[in-house]
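**Student:** File data04.tsv follows (TSV, C-alpha atoms):
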```
chain	number	residue	atom	x	y	z
A	37	MET	CA	0.00	0.00	0.00
A	38	ALA	CA	1.51	3.33	-0.99
A	39	ASN	CA	-1.27	5.41	-2.52
A	40	PHE	CA	-2.22	8.50	-0.62
A	41	ILE	CA	-2.75	12.19	-1.21
A	42	LEU	CA	-2.20	15.17	1.04
A	43	ARG	CA	-4.67	18.05	0.97
A	44	LYS	CA	-5.85	21.03	2.97
A	45	ALA	CA	-8.65	20.13	5.40
A	46	GLU	CA	-12.22	21.16	4.53
A	47	PRO	CA	-15.28	21.62	6.80
A	48	LYS	CA	-16.47	18.10	5.90
A	49	ASP	CA	-13.27	16.66	7.41
A	50	VAL	CA	-14.10	17.83	10.94
A	51	PRO	CA	-15.45	14.44	12.19
A	52	ASP	CA	-12.28	12.70	10.92
A	53	ILE	CA	-10.07	15.38	12.48
A	54	LEU	CA	-11.76	14.88	15.86
A	55	ARG	CA	-11.46	11.10	15.51
A	56	LEU	CA	-7.71	11.36	14.82
A	57	ILE	CA	-7.22	13.88	17.67
A	58	LYS	CA	-8.83	11.33	20.01
A	59	GLU	CA	-6.73	8.46	18.64
A	60	LEU	CA	-3.54	10.45	19.26
A	61	ALA	CA	-4.76	11.42	22.75
A	62	LYS	CA	-5.44	7.71	23.43
A	63	PHE	CA	-1.83	6.94	22.45
A	64	GLU	CA	-0.80	9.49	25.13
A	65	GLU	CA	-3.34	7.89	27.52
A	66	MET	CA	-5.31	11.15	27.70
A	67	GLU	CA	-8.40	10.33	25.62
A	68	GLU	CA	-10.93	11.57	28.16
A	69	GLN	CA	-9.19	14.96	28.23
A	70	VAL	CA	-10.44	15.72	24.72
A	71	ILE	CA	-13.47	17.91	25.39
A	72	LEU	CA	-13.40	19.66	22.01
A	73	THR	CA	-16.46	18.95	19.81
A	74	GLU	CA	-17.03	18.86	16.04
A	75	LYS	CA	-18.92	22.15	16.42
A	76	ASP	CA	-15.87	23.79	18.08
A	77	LEU	CA	-13.55	22.49	15.37
A	78	LEU	CA	-15.88	23.77	12.66
A	79	GLU	CA	-16.26	27.27	14.14
A	80	ASP	CA	-12.61	27.60	15.14
A	81	GLY	CA	-11.09	26.25	11.93
A	82	PHE	CA	-13.45	27.34	9.21
A	83	GLY	CA	-15.01	30.58	10.45
A	84	ASP	CA	-14.00	34.18	9.72
A	85	HIS	CA	-10.82	33.86	11.72
A	86	PRO	CA	-9.31	30.36	11.61
A	87	PHE	CA	-7.41	29.50	14.80
A	88	TYR	CA	-5.79	26.43	13.26
A	89	GLN	CA	-5.03	24.80	9.89
A	90	CYS	CA	-4.89	21.13	9.01
A	91	VAL	CA	-3.25	19.04	6.34
A	92	ILE	CA	-5.00	15.69	5.78
A	93	ALA	CA	-3.64	12.38	4.43
A	94	GLU	CA	-6.27	10.45	2.48
A	95	VAL	CA	-6.17	6.99	0.85
A	96	PRO	CA	-8.36	5.74	-2.02
A	97	LYS	CA	-11.62	3.85	-1.23
A	98	ASP	CA	-10.03	0.46	-1.90
A	99	GLN	CA	-7.42	1.13	0.75
A	100	GLN	CA	-9.75	2.43	3.44
A	101	SER	CA	-9.23	1.19	6.99
A	102	VAL	CA	-11.05	-1.79	8.55
A	103	GLU	CA	-13.64	0.63	9.97
A	104	GLY	CA	-14.03	2.31	6.57
A	105	TYR	CA	-11.94	5.45	7.04
A	106	MET	CA	-10.13	7.12	4.16
A	107	VAL	CA	-8.63	9.97	6.18
A	108	VAL	CA	-5.68	8.20	7.81
A	109	GLY	CA	-3.40	10.97	9.06
A	110	PHE	CA	-3.28	14.69	9.79
A	111	ALA	CA	-1.20	17.56	11.03
A	112	MET	CA	-2.71	20.55	12.83
A	113	TYR	CA	-0.67	23.77	12.77
A	114	TYR	CA	-0.88	27.56	13.06
A	115	PHE	CA	1.42	30.54	12.87
A	116	THR	CA	3.09	32.04	15.92
A	117	TYR	CA	5.47	34.97	16.35
A	118	ASP	CA	8.92	35.25	17.85
A	119	PRO	CA	9.74	38.86	18.79
A	120	TRP	CA	13.39	38.33	17.78
A	121	ILE	CA	12.97	36.65	14.40
A	122	GLY	CA	9.33	36.96	13.39
A	123	LYS	CA	6.91	34.39	11.98
A	124	LEU	CA	7.09	30.74	12.98
A	125	LEU	CA	5.07	27.70	11.99
A	126	TYR	CA	3.85	25.90	15.09
A	127	LEU	CA	3.12	22.19	14.71
A	128	GLU	CA	0.39	21.35	17.23
A	129	ASP	CA	-0.69	17.77	16.45
A	130	PHE	CA	0.76	15.22	14.03
A	131	TYR	CA	-0.56	11.68	13.67
A	132	VAL	CA	-0.80	8.79	11.19
A	133	MET	CA	-3.01	5.78	11.97
A	134	LYS	CA	-0.91	2.77	13.03
A	135	GLU	CA	-1.85	0.57	10.05
A	136	TYR	CA	-0.65	3.27	7.63
A	137	ARG	CA	2.77	3.91	9.06
A	138	GLY	CA	6.02	2.99	7.34
A	139	TYR	CA	4.87	4.23	3.93
A	140	GLY	CA	6.38	7.68	4.13
A	141	ILE	CA	3.10	9.48	4.92
A	142	GLY	CA	4.59	11.17	8.01
A	143	SER	CA	7.63	12.31	6.04
A	144	GLU	CA	5.43	13.68	3.25
A	145	ILE	CA	3.33	15.60	5.76
A	146	LEU	CA	6.46	17.11	7.30
A	147	LYS	CA	7.75	17.98	3.85
A	148	LYS	CA	4.45	19.73	3.09
A	149	LEU	CA	4.65	21.68	6.35
A	150	SER	CA	8.25	22.63	5.59
A	151	GLU	CA	7.17	23.99	2.20
A	152	THR	CA	4.35	25.95	3.83
A	153	ALA	CA	6.76	27.38	6.41
A	154	VAL	CA	9.31	28.45	3.81
A	155	LYS	CA	6.59	29.90	1.53
A	156	THR	CA	5.13	31.94	4.41
A	157	ARG	CA	8.66	33.11	5.25
A	158	CYS	CA	8.81	31.51	8.66
A	159	SER	CA	12.20	31.34	10.38
A	160	SER	CA	11.56	28.03	12.07
A	161	MET	CA	9.01	25.36	12.96
A	162	HIS	CA	8.33	24.91	16.68
A	163	PHE	CA	6.53	22.11	18.50
A	164	ILE	CA	6.58	20.33	21.84
A	165	VAL	CA	7.31	16.69	22.50
A	166	ALA	CA	6.90	14.82	25.79
A	167	GLU	CA	10.32	13.86	27.17
A	168	TRP	CA	9.26	10.16	27.42
A	169	ASN	CA	8.30	10.01	23.73
A	170	LYS	CA	11.67	8.73	22.46
A	171	PRO	CA	10.45	7.50	19.00
A	172	SER	CA	9.03	10.96	18.19
A	173	ILE	CA	12.13	12.74	19.53
A	174	GLU	CA	14.32	10.58	17.30
A	175	PHE	CA	11.98	11.10	14.29
A	176	TYR	CA	12.38	14.87	14.64
A	177	LYS	CA	16.09	14.85	15.49
A	178	ARG	CA	16.80	12.89	12.29
A	179	ARG	CA	15.29	15.86	10.45
A	180	GLY	CA	17.39	18.51	12.17
A	181	ALA	CA	15.31	19.28	15.27
A	182	SER	CA	16.95	20.73	18.40
A	183	ASP	CA	15.63	20.54	21.94
A	184	LEU	CA	15.25	24.17	23.05
A	185	SER	CA	14.16	23.14	26.55
A	186	LEU	CA	17.43	21.27	26.99
A	187	GLU	CA	19.64	23.84	25.24
A	188	GLU	CA	18.09	27.07	26.52
A	189	GLY	CA	16.11	26.06	29.59
A	190	TRP	CA	12.63	26.99	28.34
A	191	ARG	CA	9.72	25.64	30.36
A	192	LEU	CA	6.08	25.71	29.27
A	193	PHE	CA	3.67	27.25	31.78
A	194	GLU	CA	-0.07	27.66	31.83
A	195	ILE	CA	-2.47	29.87	33.77
A	196	ASN	CA	-5.77	28.06	33.72
A	197	LYS	CA	-9.14	29.71	33.06
A	198	LYS	CA	-10.17	29.73	36.71
A	199	TYR	CA	-7.10	31.83	37.59
A	200	LEU	CA	-7.62	34.04	34.50
A	201	MET	CA	-11.15	34.76	35.71
A	202	LYS	CA	-9.82	35.48	39.18
A	203	MET	CA	-7.36	38.03	37.74
A	204	SER	CA	-9.85	39.59	35.36
A	205	THR	CA	-12.39	40.34	38.07
A	206	LYS	CA	-9.96	41.38	40.83
B	1372	MET	CA	4.17	57.90	40.09
B	1373	ALA	CA	1.08	55.87	39.35
B	1374	ASN	CA	-0.51	57.33	36.23
B	1375	PHE	CA	-0.58	55.08	33.22
B	1376	ILE	CA	-3.00	53.78	30.62
B	1377	LEU	CA	-3.16	50.48	28.79
B	1378	ARG	CA	-4.20	50.42	25.15
B	1379	LYS	CA	-4.08	48.30	22.03
B	1380	ALA	CA	-0.92	48.92	19.97
B	1381	GLU	CA	-1.20	50.96	16.76
B	1382	PRO	CA	1.09	51.11	13.68
B	1383	LYS	CA	2.77	54.25	15.08
B	1384	ASP	CA	3.92	52.23	18.14
B	1385	VAL	CA	6.14	49.90	16.14
B	1386	SER	CA	9.45	51.64	16.92
B	1387	ASP	CA	8.66	51.63	20.65
B	1388	ILE	CA	7.67	47.95	20.46
B	1389	LEU	CA	11.01	47.11	18.84
B	1390	ARG	CA	12.85	49.17	21.45
B	1391	LEU	CA	11.13	47.30	24.29
B	1392	ILE	CA	11.72	43.91	22.59
B	1393	LYS	CA	15.44	44.76	22.46
B	1394	GLU	CA	15.47	45.90	26.09
B	1395	LEU	CA	13.92	42.61	27.20
B	1396	ALA	CA	16.36	40.66	25.00
B	1397	LYS	CA	19.23	42.61	26.61
B	1398	TYR	CA	17.97	41.53	30.06
B	1399	GLU	CA	18.25	37.92	28.79
B	1400	ASP	CA	21.74	38.69	27.36
B	1401	MET	CA	20.44	38.08	23.83
B	1402	GLU	CA	20.18	41.57	22.35
B	1403	ASP	CA	22.13	40.76	19.17
B	1404	GLN	CA	19.70	37.93	18.41
B	1405	VAL	CA	16.92	40.40	17.60
B	1406	VAL	CA	16.96	40.48	13.79
B	1407	LEU	CA	13.37	41.71	13.46
B	1408	THR	CA	12.97	45.21	11.99
B	1409	GLU	CA	10.30	47.89	12.35
B	1410	LYS	CA	9.19	47.03	8.81
B	1411	ASP	CA	8.66	43.37	9.80
B	1412	LEU	CA	6.69	44.38	12.90
B	1413	LEU	CA	4.54	46.71	10.83
B	1414	GLU	CA	3.72	44.15	8.11
B	1415	ASP	CA	3.31	41.26	10.51
B	1416	GLY	CA	1.21	43.06	13.12
B	1417	PHE	CA	-0.87	45.53	11.14
B	1418	GLY	CA	-1.34	43.93	7.73
B	1419	ASP	CA	-4.29	41.88	6.41
B	1420	HIS	CA	-3.44	38.97	8.66
B	1421	PRO	CA	-1.92	40.02	11.99
B	1422	PHE	CA	0.50	37.43	13.38
B	1423	TYR	CA	0.66	39.05	16.80
B	1424	GLN	CA	-1.19	41.56	19.01
B	1425	CYS	CA	0.23	43.99	21.56
B	1426	VAL	CA	-1.07	45.78	24.61
B	1427	ILE	CA	0.93	48.90	25.44
B	1428	ALA	CA	1.45	50.75	28.75
B	1429	GLU	CA	1.80	54.50	28.31
B	1430	VAL	CA	2.53	57.27	30.84
B	1431	PRO	CA	1.60	60.98	30.52
B	1432	ARG	CA	4.13	63.41	29.00
B	1433	ASP	CA	5.29	64.68	32.38
B	1434	GLN	CA	6.18	61.15	33.49
B	1435	ARG	CA	8.20	60.17	30.43
B	1436	SER	CA	11.48	58.33	30.88
B	1437	VAL	CA	14.88	60.07	31.01
B	1438	GLU	CA	15.28	59.38	27.28
B	1439	GLY	CA	11.81	60.82	26.60
B	1440	HIS	CA	9.82	57.61	26.12
B	1441	ALA	CA	6.11	57.52	27.03
B	1442	LEU	CA	5.63	53.86	26.08
B	1443	ILE	CA	7.13	52.06	29.06
B	1444	GLY	CA	5.75	48.51	28.94
B	1445	PHE	CA	4.12	46.00	26.63
B	1446	ALA	CA	2.83	42.50	26.20
B	1447	MET	CA	2.88	40.67	22.86
B	1448	TYR	CA	0.40	37.81	22.46
B	1449	TYR	CA	-1.52	35.75	19.91
B	1450	PHE	CA	-4.05	32.94	19.89
B	1451	THR	CA	-3.06	29.31	19.64
B	1452	TYR	CA	-5.08	26.08	19.56
B	1453	ASP	CA	-5.06	23.02	21.76
B	1454	PRO	CA	-6.67	20.03	19.99
B	1455	TRP	CA	-8.14	18.81	23.30
B	1456	ILE	CA	-9.64	22.02	24.63
B	1457	GLY	CA	-9.59	24.60	21.84
B	1458	LYS	CA	-8.47	28.24	21.87
B	1459	LEU	CA	-5.64	29.45	24.07
B	1460	LEU	CA	-4.07	32.86	24.58
B	1461	TYR	CA	-0.31	32.63	24.16
B	1462	LEU	CA	1.75	35.26	25.95
B	1463	GLU	CA	4.92	35.74	23.91
B	1464	ASP	CA	6.71	38.77	25.42
B	1465	PHE	CA	5.94	40.76	28.56
B	1466	TYR	CA	8.10	43.64	29.82
B	1467	VAL	CA	7.93	46.84	31.88
B	1468	MET	CA	10.90	49.25	31.91
B	1469	LYS	CA	12.87	48.99	35.16
B	1470	GLU	CA	12.12	52.53	36.37
B	1471	TYR	CA	8.38	51.88	36.09
B	1472	ARG	CA	8.16	48.66	38.04
B	1473	GLY	CA	6.47	48.30	41.41
B	1474	PHE	CA	3.46	50.43	40.44
B	1475	GLY	CA	1.18	47.59	39.41
B	1476	ILE	CA	1.64	48.05	35.65
B	1477	GLY	CA	2.61	44.39	35.13
B	1478	SER	CA	-0.40	43.23	37.13
B	1479	GLU	CA	-2.73	45.49	35.15
B	1480	ILE	CA	-1.33	44.16	31.87
B	1481	LEU	CA	-1.90	40.59	33.03
B	1482	LYS	CA	-5.42	41.52	34.11
B	1483	ASN	CA	-6.03	43.01	30.64
B	1484	LEU	CA	-4.77	39.81	29.01
B	1485	SER	CA	-6.91	37.69	31.34
B	1486	ASN	CA	-10.00	39.71	30.32
B	1487	MET	CA	-9.10	39.21	26.67
B	1488	ALA	CA	-8.63	35.47	27.15
B	1489	VAL	CA	-11.94	35.04	28.96
B	1490	LYS	CA	-13.77	37.22	26.39
B	1491	MET	CA	-12.35	35.14	23.54
B	1492	ARG	CA	-13.39	31.97	25.37
B	1493	CYS	CA	-9.85	30.69	25.77
B	1494	SER	CA	-9.37	27.76	28.13
B	1495	SER	CA	-5.98	28.87	29.34
B	1496	MET	CA	-3.04	31.23	28.85
B	1497	HIS	CA	0.25	29.59	27.88
B	1498	PHE	CA	3.79	31.00	27.85
B	1499	VAL	CA	7.38	29.85	28.30
B	1500	VAL	CA	9.75	31.00	31.02
B	1501	ALA	CA	13.48	30.21	31.23
B	1502	GLU	CA	14.16	27.90	34.18
B	1503	TRP	CA	16.78	30.32	35.58
B	1504	ASN	CA	14.32	33.22	35.66
B	1505	LYS	CA	13.18	32.73	39.26
B	1506	PRO	CA	11.57	36.21	39.73
B	1507	SER	CA	9.32	35.68	36.71
B	1508	ILE	CA	8.47	32.12	37.71
B	1509	GLU	CA	7.41	33.37	41.16
B	1510	PHE	CA	5.44	36.28	39.62
B	1511	TYR	CA	3.41	33.84	37.54
B	1512	LYS	CA	3.05	31.18	40.24
B	1513	ARG	CA	1.56	33.78	42.59
B	1514	ARG	CA	-1.15	34.19	39.95
B	1515	GLY	CA	-1.95	30.49	39.63
B	1516	ALA	CA	0.54	29.41	36.94
B	1517	SER	CA	1.62	25.76	36.73
B	1518	ASP	CA	4.82	24.46	35.15
B	1519	LEU	CA	3.64	22.04	32.46
B	1520	SER	CA	7.21	21.09	31.56
B	1521	LEU	CA	7.76	19.92	35.13
B	1522	GLU	CA	4.33	18.32	35.58
B	1523	GLN	CA	3.87	16.71	32.17
B	1524	GLY	CA	7.38	16.50	30.69
B	1525	TRP	CA	6.81	18.77	27.70
B	1526	ARG	CA	9.93	19.94	25.89
B	1527	LEU	CA	10.04	22.69	23.26
B	1528	PHE	CA	11.73	21.78	19.99
B	1529	LYS	CA	12.57	23.71	16.87
B	1530	ILE	CA	13.45	22.81	13.29
B	1531	ASP	CA	15.27	25.77	11.79
B	1532	LYS	CA	14.81	27.16	8.31
B	1533	GLU	CA	17.89	25.44	6.85
B	1534	TYR	CA	16.43	22.03	7.77
B	1535	LEU	CA	12.93	23.04	6.61
B	1536	MET	CA	14.39	23.94	3.21
B	1537	LYS	CA	16.26	20.67	3.13
B	1538	MET	CA	13.02	18.73	3.79
B	1539	SER	CA	10.97	20.75	1.35
B	1540	VAL	CA	13.23	19.92	-1.60
B	1541	GLU	CA	14.21	16.35	-0.82
B	1542	GLU	CA	12.70	13.47	-2.81
```
Before we go any further, please render this structure as structure tokens.
**Tutor:**
Amino acid sequence: MANFILRKAEPKDVPDILRLIKELAKFEEMEEQVILTEKDLLEDGFGDHPFYQCVIAEVPKDQQSVEGYMVVGFAMYYFTYDPWIGKLLYLEDFYVMKEYRGYGIGSEILKKLSETAVKTRCSSMHFIVAEWNKPSIEFYKRRGASDLSLEEGWRLFEINKKYLMKMSTK
Amino acid sequence: MANFILRKAEPKDVSDILRLIKELAKYEDMEDQVVLTEKDLLEDGFGDHPFYQCVIAEVPRDQRSVEGHALIGFAMYYFTYDPWIGKLLYLEDFYVMKEYRGFGIGSEILKNLSNMAVKMRCSSMHFVVAEWNKPSIEFYKRRGASDLSLEQGWRLFKIDKEYLMKMSVEE
């Protein structure tokens, strides 16, 4: 099996995008943390101001999965901004269904994202990886990735909504 | 001194924004790494598709800095997306000039950002802090921040342009 195409996601792809988001979350043992709905994905990705973009990997009907899926992989990304160097492409989620790995789909998706980044004149692609996820770390390092947390000491923080509300009403 | 206003940045603020970006970079010993120009900031922030947003802190004329600056603090932010929970507000840069600290300007800026995040129905505000920057870490922790790198093991990676170009042309 080697036939697949990559294309920009459309509104009709939203159920497949959510399905793949949940599959990837399951791999990270966090499936019940996915509270996003198809409605959210539709409004947030295909409204007046898209908050994310997706590239989809699709196989022909005769190669659909056991459950009948033709959308077998995706990458979700958006543009961020570094005050020292400008535009960046931020890779948020990246997943290919298990049965479709080993055929170069992941590499093709990354190639597509690289082209998009260069075309939009981004200085770099950023993303986070969990420190225990050795296969992914190696996948990215083989392609020239550097660990900024290790090299420069950056740590990711969050201030959750309940504290934001506390600050905004103080 | 306590008089200041917060407002949305305008195209005319671009040179002050770049000045403050460079001051913050200097504090991190990285001033020569700022390659961004006023032209970039103008195109990227005030064109058809803004890649960032800024809130500015401004003092009245009679409280301007020694060098004559009225814009004495800023926060640069944009919206990101978490595939599990949706929209997030991402705080990219946040700085108040040394002489103007201790008057609550930083807290007001954070309050302004919190309002924005809640209004835009963001689930959270994310940002990175260098592990050696203890004062900033404490500032944020006092306001409810959690260290996701520590708690969940997330590490930030980059693939620089030279490698992106390599990937985009390889067969």
**Student:** Determine which residues of chain A sit within 6 Å of chain B, taking into account all atoms listed in the file, and present them as a PyMOL selection string.
**Tutor:** chain A and resi 70-72+120-121+147+150-151+159-167+180-185+189-197+199-200+203-204
**Student:** Got a sec: who's within 7 Å of range 156-158 of chain A, counting only C-alpha atoms, leaving out chain neighbours fewer than 5 positions off, as a short mmCIF file (atom, residue, chain, number, x, y, z; two decimals) with C-alpha atoms, in the frame of the given file?
**Tutor:**
```cif
data_model
loop_
_atom_site.label_atom_id
_atom_site.label_comp_id
_atom_site.auth_asym_id
_atom_site.auth_seq_id
_atom_site.Cartn_x
_atom_site.Cartn_y
_atom_site.Cartn_z
CA LYS A 123 6.91 34.39 11.98
CA LEU A 124 7.09 30.74 12.98
CA LEU A 125 5.07 27.70 11.99
#
```
**Student:** Choose the residue, out of A:Glu74, A:Glu103, A:Glu187, A:Glu94, that has the smallest atom-to-atom separation from Pro51 in chain A; count all atoms listed in the file.
**Tutor:**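 Ranked by minimum distance to Pro51 in chain A, first place goes to A:Glu74.
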**Student:** Suppose you want the space between CA of Ile1376 in chain B and CA of Gly1473 in chain B; what is it in Å?
**Tutor:**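 Calculated distance between CA of Ile1376 in chain B and CA of Gly1473 in chain B is 15.4 Å.
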**Student:** I'd like the neighbourhood of Met1468 in chain B as a PyMOL selection string, where a residue qualifies if any of its atoms comes within 8 Å (using only C-alpha atoms), though same-chain residues fewer than 4 positions away should be ignored.
**Tutor:** chain B and resi 1391+1443-1444+1472
**Student:** Suppose we keep C-alpha atoms; can you now write the selection as a CSV table (one decimal), in the coordinates of the input?
**Tutor:**
```
chain,number,residue,atom,x,y,z
B,1391,LEU,CA,11.1,47.3,24.3
B,1443,ILE,CA,7.1,52.1,29.1
B,1444,GLY,CA,5.8,48.5,28.9
B,1472,ARG,CA,8.2,48.7,38.0
```
**Student:** CA of Ile41 in chain A and CA of Val107 in chain A, how far apart in Å?
**Tutor:**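 CA of Ile41 in chain A lies at a distance of 9.7 Å from CA of Val107 in chain A.
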**Student:** Let me make sure I understand: among A:Ile57, A:Leu149, A:Val91, A:Leu127, which one has the smallest atom-to-atom distance to Ala45 in chain A if we use all atoms listed in the file?
**Tutor:**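 For Ala45 in chain A, the nearest of the given residues is A:Val91.
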**Student:** I'd like the neighbourhood of Glu1429 in chain B as a list in words, where a residue qualifies if any of its atoms comes within 12 Å (using all atoms listed in the file), though same-chain residues fewer than 6 positions away should be ignored.
**Tutor:** Ala1373, Asn1374, Phe1375, Ile1376, Leu1377, Arg1378, Lys1379, Ala1380, Asp1384, Asp1387, Ile1388, Arg1435, Ser1436, Gly1439, His1440, Ala1441, Leu1442, Ile1443, Gly1444, Phe1445, Val1467, Met1468, Tyr1471, Ile1476 and Ile1480 of chain B
**Student:** Counting all atoms listed in the file, which of A:Lys148, A:Arg55, A:Lys62, A:Lys198 gets nearest to Tyr113 in chain A?
**Tutor:**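 Among the listed residues, the smallest separation from Tyr113 in chain A belongs to A:Lys148.
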**Student:** Work out how far CA of Glu188 in chain A is from CA of Phe175 in chain A, in Å to one decimal.
**Tutor:** 21.0 Å
**Student:** Quick one: residues within 6 Å of Tyr114 in chain A, all atoms listed in the file counted, chain neighbours fewer than 2 positions away excluded, as a PyMOL selection string?
**Tutor:** chain A and resi 88-89+126
**Student:** Quick one: range 1524-1532 of chain B with all heavy atoms, as a compact mmCIF listing (two decimals), in the coordinates of the input?
**Tutor:**
```
# COMPACT_ATOMS: atom_id res chain seq x y z
N GLY B 1524 6.21 16.90 31.48
CA GLY B 1524 7.38 16.50 30.69
C GLY B 1524 7.46 17.09 29.30
O GLY B 1524 8.17 16.57 28.45
N TRP B 1525 6.77 18.19 29.04
CA TRP B 1525 6.81 18.77 27.70
C TRP B 1525 8.13 19.50 27.46
O TRP B 1525 8.59 20.27 28.28
CB TRP B 1525 5.66 19.76 27.48
CG TRP B 1525 4.32 19.12 27.49
CD1 TRP B 1525 3.34 19.26 28.42
CD2 TRP B 1525 3.81 18.20 26.51
NE1 TRP B 1525 2.25 18.50 28.09
CE2 TRP B 1525 2.50 17.84 26.92
CE3 TRP B 1525 4.31 17.66 25.33
CZ2 TRP B 1525 1.70 16.96 26.19
CZ3 TRP B 1525 3.51 16.78 24.60
CH2 TRP B 1525 2.23 16.45 25.03
N ARG B 1526 8.69 19.25 26.28
CA ARG B 1526 9.93 19.94 25.89
C ARG B 1526 9.69 20.64 24.58
O ARG B 1526 9.06 20.09 23.67
CB ARG B 1526 11.07 18.95 25.74
CG ARG B 1526 11.45 18.31 27.06
CD ARG B 1526 12.91 18.43 27.31
NE ARG B 1526 13.60 17.32 26.64
CZ ARG B 1526 14.26 16.36 27.26
NH1 ARG B 1526 14.35 16.36 28.56
NH2 ARG B 1526 14.84 15.40 26.58
N LEU B 1527 10.20 21.88 24.48
CA LEU B 1527 10.04 22.69 23.26
C LEU B 1527 11.16 22.37 22.28
O LEU B 1527 12.33 22.40 22.62
CB LEU B 1527 10.07 24.19 23.63
CG LEU B 1527 9.97 25.17 22.47
CD1 LEU B 1527 8.62 25.05 21.78
CD2 LEU B 1527 10.19 26.61 22.97
N PHE B 1528 10.77 22.07 21.04
CA PHE B 1528 11.73 21.78 19.99
C PHE B 1528 11.60 22.79 18.86
O PHE B 1528 10.56 23.43 18.69
CB PHE B 1528 11.49 20.38 19.41
CG PHE B 1528 12.06 19.27 20.24
CD1 PHE B 1528 11.49 18.92 21.46
CD2 PHE B 1528 13.17 18.57 19.80
CE1 PHE B 1528 12.02 17.89 22.23
CE2 PHE B 1528 13.71 17.53 20.56
CZ PHE B 1528 13.13 17.19 21.77
N LYS B 1529 12.67 22.90 18.07
CA LYS B 1529 12.57 23.71 16.87
C LYS B 1529 13.24 22.96 15.73
O LYS B 1529 14.17 22.18 15.93
CB LYS B 1529 13.28 25.06 17.07
CG LYS B 1529 14.79 24.95 17.19
CD LYS B 1529 15.48 26.26 16.98
CE LYS B 1529 17.00 26.11 17.12
NZ LYS B 1529 17.71 27.35 16.79
N ILE B 1530 12.74 23.24 14.50
CA ILE B 1530 13.45 22.81 13.29
C ILE B 1530 13.68 24.10 12.52
O ILE B 1530 12.73 24.73 12.06
CB ILE B 1530 12.64 21.80 12.46
CG1 ILE B 1530 12.40 20.52 13.27
CG2 ILE B 1530 13.41 21.46 11.17
CD1 ILE B 1530 11.63 19.43 12.53
N ASP B 1531 14.92 24.49 12.41
CA ASP B 1531 15.27 25.77 11.79
C ASP B 1531 15.13 25.76 10.28
O ASP B 1531 15.12 24.71 9.65
CB ASP B 1531 16.69 26.16 12.19
CG ASP B 1531 16.69 27.16 13.32
OD1 ASP B 1531 15.61 27.67 13.67
OD2 ASP B 1531 17.78 27.42 13.87
N LYS B 1532 15.08 26.98 9.74
CA LYS B 1532 14.81 27.16 8.31
C LYS B 1532 15.70 26.31 7.41
O LYS B 1532 15.23 25.75 6.42
CB LYS B 1532 14.95 28.63 7.95
CG LYS B 1532 14.41 28.96 6.59
CD LYS B 1532 14.28 30.45 6.39
CE LYS B 1532 13.68 30.75 5.01
NZ LYS B 1532 13.34 32.17 4.88
```
